[in-house]
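Following: one structure in structure tokens, then a few remarks.
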Amino acid sequence: MRKLLFTLIAVISGLAFAQAQQVKGVVKDDQGKSLAGATILLKKIKDSSVAKLTVTNATGQYSFESIPEGSYFLNATFVGHTSQNSSRFEVNGSGEINAPDIVLNKVTGNLKEAVVTARKPILEVRADKTIMNVENSINAVGQDALELLRKAPGVMIDKDENLNLSGKNGVQVYVDGRPTPLSGKDLSDYLKTIQSSTVESIEIITNPSAKYEAAGNAGIINIRLKKNKAYGTNGSVTAGFNQGVYPKYNSGISLNHRNKNINIFGNYNYNRNKNESPFNLIRSQVDTTFENHGKMVNRGNTHTFKTGLDYSLGRTSTIGVMVNGNFSSYGLTNPGHTQITKTPTKELVKNLNVLNTTDGQRDNANFNLNYRYADSAQRELNVDADYGLYRITSDQLQPNYYSDPAGVPTYSTIYNMIAPSDIDIYTLKIDYEQNLLKGRLGLGGKGSIVDSKNDFQRYDVFNSGKQLDTARSNNFRYKENVNALYANYNKQLKGGFLFQLGVRMENTHAEGRSKGRKQDPFGNWENYDSSFTRNYIDFFPSASVTFNKNPMSQWTVSYSRRIDRPAYQDLNPFEFKIDEYSYQKGNTELRPQYTNSIGLTYIYKYTLTTTLNYSHISDVFGSPIDTIEKSKSFMMKKNLATQDVVSLNISYPFNYKWYTVFANLNGNYSKYKANLGPGKKIDLDAWAFTGFVQNSFRFGKGWTGELTGLYISPSIWQGVFKSSEMWSIDGGLLKTIMKGKGTVKASVSDIFKTMRWRGKSPDYAGQTTLAWGSWESRQLKLNFTYRFGSNTVKAARQRKAGLEDENKRVTTQGGGIGGGQQ
């Protein structure tokens with residue numbers, strides 16, 4: 001069935017090509033000088049819709065490939081110059097059409113307005129990053145950011161909701177260009193509070209330049225939230241409904257007022273959800289087998305907001321302030337049944353029934369003050385001061401009821417865990433750029449402080465009340481200060497070579513302090529203070545060379561060195577009890593992991609993009625499940641010896657009249673090696689790949705359809721678990737109403753409910769583990785959006801978070817927006 005369905009999608013994706021031609025030409029200014037970076041739109045005479053979009057190369061040349069028959073004209077724009085249309089021409093066969101030179105005159109007065117209308121593809125693949133545009137995707141409605149990442153090229157999410165990119169862990173997640181301090185379960189819970197309706201795009205940056213922080217061995221995932229770029233007063237309202245096992249609701253409102261001097265913006269979104277996730281685990285240890293079956297039910301209410309103001313201080317300077325965040329209350333019910341048997345005889349020893357419940361609050365707020373300077377000499381200065389706070393509370397009740405093989409109750413233990421966490425982040429960042437020696441020099445620095453306070457209180461619950469267990473309670477405080485300086489330089493050389501060189505220096509000072517009580521070898525209780533301090537300096541070089549003499553065939557070689565520092569929770573030495581037989585503990589000896597990556601990218605005719613990457617990771621993080629007290633297990637993150645990863649990404653977009661398809665294939669080979677003692681050796685290797693196909697159909701009269709296929713092959717989780725394959729097919733329809741101001745979307749995700757995960761670990765420390773489960777991947781999603789007010793977008797050199805038109809610069813590297821395929 002699976003092969004038949006993917007064959008069907010492939011057939012749909014491979015509709016016959018009609019006869020096509022190449023259109024090429026040159027853009028110059030009124031002095032006869034070629035203009036590099038001018039935006040060229042190929043438009044249809046019939047309705048002036050954009051058929052394709054590209055930019056001119058270093059010599060002012062442009063080219064459009066595979067143009068279907070029809071009548072067209074060209075529109076050229078360049079900052080500081082008037083827009084110019086070409087005369088009408090016909091495409092009716094094969095061969096080349098040499099369009100007349102387009103001459104753009106410089107603007108004599110102030111630049112007033114440039115209007116560009118284009119439809120972004122679901123994926124854009126460039127030499128340095130992949131962009132997943134979800135803002136207008138039909139099948140992306142009604143999801144959260146974590147669910148969107150499940151479908152991002154090369155991204156894997158394991159059974160514990162840890163992120164993995166192209167076979168590597170250590171993914172650094174940014175939101176609007178700012179790194180989040182969370183990891184593991186804290187990060188996944190936070191991503192669930194970000195609604196898809198607030199997300200514009202997801203950027204996957206596998207080889208970041210020195211301007212980016214060095215954290216993130218696998219690279220950076222930057223979640224860009226929506227920004228309103230229209231002038232005047234405008235806004236939108238949205239409402240959505242999802243039906244899986246349980247119904248879910250979301251709504252939002254956005255308001256914006258912008259003129260040439262000021263931009264005031266704000267939005268608010270609400271999401272109410274309830275989700276079910278069946279979970280199964282079989283663990284064999286020594287002579288005992290634990291077979292657990294449970295069903296987690298999560299519920300949440302999330303309020304998300306953003307508000308800010310940008311003000312122009314003149315032609316060169318802008319100052320702005322922004323506040324955003326979310327407030328989320330959540331609850332978890334996790335009933336489960338465990339059968340404990342003797343492995344040799346398969347004799348049932350006893351039963352364990354649990355009904356874990358957790359209630360809590362997850363609040364986040366971020367404050368930003370920005371100053372931007374940009375003059376006519378192309379000197380730019382950006383200064384950002386940020387303060388962010390995370391307030392997390394958790395109140396968990398864990399009752400454990402035991403019974404004999406006949407089901408007769410024997411005894412019970414009940415625990416109550418209260419765990420508040422406060423995280424404060426202070427950041428100051430300065431970036432400066434200017435032209436130098438016919439190239440571009442970038443300099444900057446950043447200082448950040450993360451202060452994390454975690455108080456874990458465990459109580460024993462009795463009929464008479466509850467009592468604090470001081471031996472199993474813990475207070476952990478972690479402070480991390482990272483100061484960085486960087487330099488970056490790029491230049492276009494004769495012969496078609498573009499190079500970029502950079503280096504980043506980071507000094508890390510970290511302090512951790514864990515306080516509680518423990519038993520000495522004689523059984524006496526004593527207070528302890530497990531403090532540790534780390535102080536180290538690292539250098540992170542990066543470089544890339546692009547050969548772009550022929551813009552139709554571009555090669556790029558890149559190199560970068562990166563780091564992943566241990567998360568604060570992974571350093572806390574205290575043991576956290578998951579259930580009566582499972583623990584989780586931190587490791588104060590956990591060292592950073594380092595990655596050296598080299599990549600080769602080839603872009604053919606702005607459409608076919610191929611990237612080959614090799615990474616060597618030393619001291620790689622892994623989470624093997626170790627044994628304790630013979631029948632119990634604990635999970636602790638450790639430094640495995642090495643990991644080697646080879647990855648290949650291939651993408652291709654195609655557009656023909658009413659039909660658009662984008663295909664992406666990401667494959668990787670991973671090998672883990674470690675020797676942590678007798679019976680604790682790891683030697684795993686695996687081939688893995690993900691395939692993604694997005695088909696879009698424009699039916700006319702405001703109707704659009706989407707059919708999406710996703711396949712995830714077996715891979716490795718956390719350096720230990722070998723996972724099984726997963727796949728899904730999504731379908732949806734969109735209808736524009738109310739003269740284009742209203743949009744109605746309807747879709748079904750995972751139509752055949754095949755996104756089920758499964759993982760198995762080899763023999764480690766005398767135990768093996770098999771786990772499998774699912775979540776509400778199949779949902780019916782309905783969404784309505786209404787836009788009101790002005791929708792005119794003007795080009796302006798203003799602050800990136802507010803007044804700046806983020807699309808005013810389109811690089812020839814990667815073929816511009818959508819690789820020239822619109």
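How things are named: the first chain in the structure tokens is A, the next is B, and so on; residues count from 1 in each chain; ligands count from 1 in the order shown.
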Could you list, as a ChimeraX atom specification, every residue within 9 Å of Thr427 in chain A, counting only C-alpha atoms and ignoring same-chain residues fewer than 6 positions away?
/A:384-388,446-450
Preceding selection exported with C-alpha atoms as a PDB file, in the first residue's frame:
ATOM      1  CA  ASP A 384      20.448  44.605  20.307  1.00  0.00           C
ATOM      2  CA  ALA A 385      19.866  44.430  24.051  1.00  0.00           C
ATOM      3  CA  ASP A 386      17.657  41.532  25.153  1.00  0.00           C
ATOM      4  CA  TYR A 387      16.221  40.152  28.339  1.00  0.00           C
ATOM      5  CA  GLY A 388      14.289  36.909  28.401  1.00  0.00           C
ATOM      6  CA  LYS A 446      28.040  39.262  21.935  1.00  0.00           C
ATOM      7  CA  GLY A 447      27.816  38.757  25.656  1.00  0.00           C
ATOM      8  CA  SER A 448      25.170  36.560  27.257  1.00  0.00           C
ATOM      9  CA  ILE A 449      24.357  35.367  30.768  1.00  0.00           C
ATOM     10  CA  VAL A 450      22.005  32.485  31.533  1.00  0.00           C
TER      11      VAL A 450
END
With only C-alpha atoms as the counted atoms, please give the residues lying no more than 9 Å from range 352-357 of chain A, apart from itself and same-chain residues fewer than 6 positions off, as a ChimeraX atom specification.
/A:292,331-340,395-403,579
Best match for closeness to Pro405 in chain A among A:Leu348, A:Leu309, A:Asp619, A:Lys185, counting only C-alpha atoms
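Closest residue, counting only C-alpha atoms: A:Leu348.
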Where does DSSP see strand (DSSP E or B) in range 391-613 of chain A, if you list the residues as a PyMOL selection string?
chain A and resi 391-403+409-418+421-436+439-462+465-468+474-493+497-519+525-547+553-564+575-579+582-585+593-604+608-613
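CA of Tyr486 in chain A sits 15.8 Å away from CA of Glu380 in chain A.
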Name the closest residue to Val171 in chain A among the candidates A:Lys43, A:Arg391, A:Arg565, A:Lys479; distances are taken between atoms, counting only C-alpha atoms.
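Going through A:Lys43, A:Arg391, A:Arg565, A:Lys479 one by one, the smallest distance to Val171 in chain A is for A:Arg565.
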Write out as a VMD selection string each polymer residue whose atoms come within 8 Å of range 537-551 of chain A, counting only C-alpha atoms; drop sequence neighbours fewer than 3 positions from it.
chain A and resid 57 208 to 210 214 495 to 508 554 to 562 605 812
Could you state the separation of CA of Val237 in chain A and CA of Ser251 in chain A in Å, given to one decimal place?
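So the two atoms, CA of Val237 in chain A and CA of Ser251 in chain A, lie 7.6 Å apart.
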